[in-house]
Each structure stands twice: as structure tokens, then as C-alpha cells.
Amino acid sequence: MRSKLKPQPKTISDLEQKAMDFVWAHAPCTAEQCRAGLADKHPLKDSTVRTILRRLEVKGYLQHEVDGRTFLYRPIEAPQTVAARAVKQIIDRLCGGSVEALLVGMVDHSVLDHKQLQHLAGKIASKKGTPR
């Protein structure tokens with residue numbers, strides 16, 4: 001089965017991830033709003049936040065529109081879509097493209113238990129419209 005997902009944008013740093021989390025939660029937002037939102041745990045200069053947002057835009061995570069002289073930032077895709085691409089990349093690189101190998105490994109290493117796996121199987125079956 002061929003994936004419909006686009007290629008994964010370039011990876012992002014921990015600080016870029018924090019900025020993305022803010023934009024996902026508060027879009028559209030300005031650089032100043034992002035700086036203020038990160039300030040409690042990450043006090044940053046205005047120019048640093050603008051650089052982070054510009055890098056995220058270049059990497060394909062954000063886009064902006066201009067309102068007067070203010071840039072308003074929006075995510076290009078939902079966090080779940082970005083996560084799905086990241087998992088697909090892990091499956092391709094580390095599991096030889098096998099989702100089964102990933103899930104078995106997650107159960108074997110107590111990331112998922114049997115009950116959680118059955119619950120997920122039920123959710124997937126209901127999305128596909130097939131009986132369990």
C-alpha cells in the first residue's frame with residue numbers, strides 16, 4: 001500500500017518544536033505573541049523568535065500572510081499529519097517498511113499493551129467500515 005503523505009519536512013530543534021506547538025494552539029499568531037507565549041520557560045529576544053519562525057517557514061512547517069506590517073503565522077499542516085509522516089519515516093528506516101514490525105516491537109517493549117492494541121484495531125476497523 002502506497003502512502004499518500006508528502007515527504008517529511010526537515011527535522012526541527014526542540015525550541016522550534018516549542019514554537020510550532022504555540023502556533024498550532026494559537027494560529028494565526030504574530031511573532032510577538034509567540035515570543036510572549038514562550039517567555040515563561042524560554043525567554044527569547046524578538047529577533048530570535050522571528051528567526052525561528054522564518055526557519056520553520058523555510059522548512060515547510062509554517063506560512064505567513066502580511067496584515068499591514070505584521071506577519072501572521074499559520075501551520076501548513078495539523079500536528080497529526082506531521083506526526084504520521086514522522087512515524088512513516090521511522091517505519092521505512094527502522095522497520096523495513098513494516099507497520100506490523102513497529103507494532104509488535106511496541107507491544108514487546110511495553111509501549112502498547114494488548115488491550116490498547118485491540119482498542120486501536122477497533123478504531124481502525126470502524127474508520128475503514130469493516131467489522132472487527
# chains A, B, ... in the order shown; residues from 1 in each chain; ligands from 1
>>> closest_atom_pairs(of="segment 62-125 of chain A", to="segment 43-51 of chain A", cutoff="12 Å", atoms="only C-alpha atoms", output="tab-separated table")
residue	atom	partner	partner_atom	distance
A:His64	CA	A:Arg50	CA	11.7
A:Thr70	CA	A:Arg50	CA	11.5
A:Phe71	CA	A:Arg50	CA	9.7
A:Leu72	CA	A:Arg50	CA	11.4
A:Tyr73	CA	A:Arg50	CA	10.6
>>> closest_residue(among="A:Leu15, A:Cys29, A:Val99, A:Val23", to="Lys41 of chain A", atoms="only C-alpha atoms")
A:Leu15
>>> atom_distance(atom1="atom CA of Gln116 of chain A", atom2="atom CA of Gln17 of chain A")
27.5 Å
>>> residues_around(residues="segment 89-91 of chain A", least_positions_apart="6", cutoff="10 Å", atoms="only C-alpha atoms", output="compact mmCIF listing (two decimals) with N, CA and C atoms, in the first residue's frame")
# COMPACT_ATOMS: atom_id res chain seq x y z
N PRO A 7 6.48 14.08 1.43
CA PRO A 7 7.76 13.87 2.09
C PRO A 7 7.85 14.70 3.36
N GLN A 8 8.55 14.17 4.35
CA GLN A 8 8.72 14.84 5.63
C GLN A 8 9.56 16.09 5.47
N ALA A 83 3.03 14.23 12.52
CA ALA A 83 3.38 13.03 13.30
C ALA A 83 3.28 11.77 12.43
N GLY A 97 9.86 -0.87 6.44
CA GLY A 97 8.56 -0.54 5.85
C GLY A 97 7.39 -1.30 6.44
N SER A 98 7.63 -2.08 7.48
CA SER A 98 6.60 -2.93 8.06
C SER A 98 5.95 -2.28 9.29
N VAL A 99 4.67 -1.92 9.14
CA VAL A 99 3.90 -1.40 10.27
C VAL A 99 3.77 -2.48 11.33
N GLU A 100 3.60 -3.71 10.87
CA GLU A 100 3.47 -4.84 11.80
C GLU A 100 4.71 -4.94 12.69
N ALA A 101 5.89 -4.81 12.10
CA ALA A 101 7.12 -4.89 12.89
C ALA A 101 7.16 -3.78 13.95
N LEU A 102 6.72 -2.59 13.58
CA LEU A 102 6.68 -1.49 14.54
C LEU A 102 5.73 -1.81 15.68
N LEU A 103 4.51 -2.23 15.35
CA LEU A 103 3.52 -2.50 16.39
C LEU A 103 3.92 -3.67 17.29
>>> select_by_dssp(residues="chain A", states="alpha helix (DSSP H)", output="PyMOL selection string")
chain A and resi 14-26+31-38+46-58+79-94+99-108+114-128
>>> residues_around(residues="Gln118 of chain A", least_positions_apart="6", cutoff="12 Å", atoms="only C-alpha atoms", output="short mmCIF file (atom, residue, chain, number, x, y, z; two decimals) with N, CA and C atoms, in the first residue's frame")
data_model
loop_
_atom_site.label_atom_id
_atom_site.label_comp_id
_atom_site.auth_asym_id
_atom_site.auth_seq_id
_atom_site.Cartn_x
_atom_site.Cartn_y
_atom_site.Cartn_z
N LEU A 103 4.51 -2.23 15.35
CA LEU A 103 3.52 -2.50 16.39
C LEU A 103 3.92 -3.67 17.29
N VAL A 107 4.55 -3.50 21.34
CA VAL A 107 3.94 -4.40 22.33
C VAL A 107 5.04 -5.13 23.11
N LEU A 112 2.88 -0.26 24.03
CA LEU A 112 1.45 -0.55 23.92
C LEU A 112 1.19 -1.89 24.56
N ILE A 124 -9.56 1.52 14.00
CA ILE A 124 -9.17 1.45 12.59
C ILE A 124 -10.26 0.76 11.79
N ALA A 125 -10.79 -0.34 12.31
CA ALA A 125 -11.84 -1.07 11.62
C ALA A 125 -13.07 -0.19 11.41
N ARG A 132 -14.95 -5.88 13.06
CA ARG A 132 -13.76 -6.21 13.85
C ARG A 132 -13.34 -7.63 13.69
#
>>> residues_around(residues="Arg74 of chain A", least_positions_apart="5", cutoff="12 Å", atoms="only C-alpha atoms", output="PyMOL selection string")
chain A and resi 19-31+34+53-54+56-57+60-66
>>> closest_residue(among="A:Lys128, A:His114, A:Lys10, A:Lys123", to="Arg55 of chain A", atoms="only C-alpha atoms")
A:Lys10
>>> decode(residues="segment 35-46 of chain A", atoms="N, CA, C and O atoms", output="PDB file, in the first residue's frame")
ATOM      1  N   ARG A  35       6.543  34.917  20.994  1.00  0.00           N
ATOM      2  CA  ARG A  35       7.589  35.239  21.979  1.00  0.00           C
ATOM      3  C   ARG A  35       6.997  35.304  23.381  1.00  0.00           C
ATOM      4  O   ARG A  35       7.523  34.710  24.320  1.00  0.00           O
ATOM      5  N   ALA A  36       5.868  35.982  23.517  1.00  0.00           N
ATOM      6  CA  ALA A  36       5.215  36.103  24.821  1.00  0.00           C
ATOM      7  C   ALA A  36       4.738  34.739  25.327  1.00  0.00           C
ATOM      8  O   ALA A  36       4.841  34.444  26.523  1.00  0.00           O
ATOM      9  N   GLY A  37       4.244  33.913  24.438  1.00  0.00           N
ATOM     10  CA  GLY A  37       3.770  32.592  24.824  1.00  0.00           C
ATOM     11  C   GLY A  37       4.872  31.658  25.280  1.00  0.00           C
ATOM     12  O   GLY A  37       4.643  30.753  26.083  1.00  0.00           O
ATOM     13  N   LEU A  38       6.078  31.868  24.776  1.00  0.00           N
ATOM     14  CA  LEU A  38       7.223  31.026  25.149  1.00  0.00           C
ATOM     15  C   LEU A  38       8.027  31.618  26.309  1.00  0.00           C
ATOM     16  O   LEU A  38       8.881  30.934  26.885  1.00  0.00           O
ATOM     17  N   ALA A  39       7.767  32.871  26.654  1.00  0.00           N
ATOM     18  CA  ALA A  39       8.620  33.621  27.577  1.00  0.00           C
ATOM     19  C   ALA A  39       8.778  32.995  28.957  1.00  0.00           C
ATOM     20  O   ALA A  39       9.855  33.104  29.555  1.00  0.00           O
ATOM     21  N   ASP A  40       7.752  32.358  29.503  1.00  0.00           N
ATOM     22  CA  ASP A  40       7.855  31.776  30.847  1.00  0.00           C
ATOM     23  C   ASP A  40       8.987  30.755  30.946  1.00  0.00           C
ATOM     24  O   ASP A  40       9.760  30.771  31.896  1.00  0.00           O
ATOM     25  N   LYS A  41       9.067  29.877  29.972  1.00  0.00           N
ATOM     26  CA  LYS A  41      10.082  28.817  30.012  1.00  0.00           C
ATOM     27  C   LYS A  41      11.274  29.104  29.110  1.00  0.00           C
ATOM     28  O   LYS A  41      12.347  28.542  29.300  1.00  0.00           O
ATOM     29  N   HIS A  42      11.064  29.967  28.114  1.00  0.00           N
ATOM     30  CA  HIS A  42      12.117  30.262  27.141  1.00  0.00           C
ATOM     31  C   HIS A  42      12.129  31.757  26.835  1.00  0.00           C
ATOM     32  O   HIS A  42      11.615  32.182  25.800  1.00  0.00           O
ATOM     33  N   PRO A  43      12.729  32.560  27.697  1.00  0.00           N
ATOM     34  CA  PRO A  43      12.785  34.000  27.416  1.00  0.00           C
ATOM     35  C   PRO A  43      13.715  34.253  26.220  1.00  0.00           C
ATOM     36  O   PRO A  43      14.894  33.929  26.274  1.00  0.00           O
ATOM     37  N   LEU A  44      13.140  34.771  25.147  1.00  0.00           N
ATOM     38  CA  LEU A  44      13.880  34.966  23.905  1.00  0.00           C
ATOM     39  C   LEU A  44      13.739  36.397  23.429  1.00  0.00           C
ATOM     40  O   LEU A  44      12.732  37.059  23.686  1.00  0.00           O
ATOM     41  N   LYS A  45      14.742  36.861  22.702  1.00  0.00           N
ATOM     42  CA  LYS A  45      14.668  38.174  22.070  1.00  0.00           C
ATOM     43  C   LYS A  45      13.716  38.087  20.887  1.00  0.00           C
ATOM     44  O   LYS A  45      13.538  37.024  20.279  1.00  0.00           O
ATOM     45  N   ASP A  46      13.131  39.224  20.547  1.00  0.00           N
ATOM     46  CA  ASP A  46      12.209  39.296  19.418  1.00  0.00           C
ATOM     47  C   ASP A  46      12.871  38.783  18.139  1.00  0.00           C
ATOM     48  O   ASP A  46      12.268  38.021  17.375  1.00  0.00           O
TER      49      ASP A  46
END
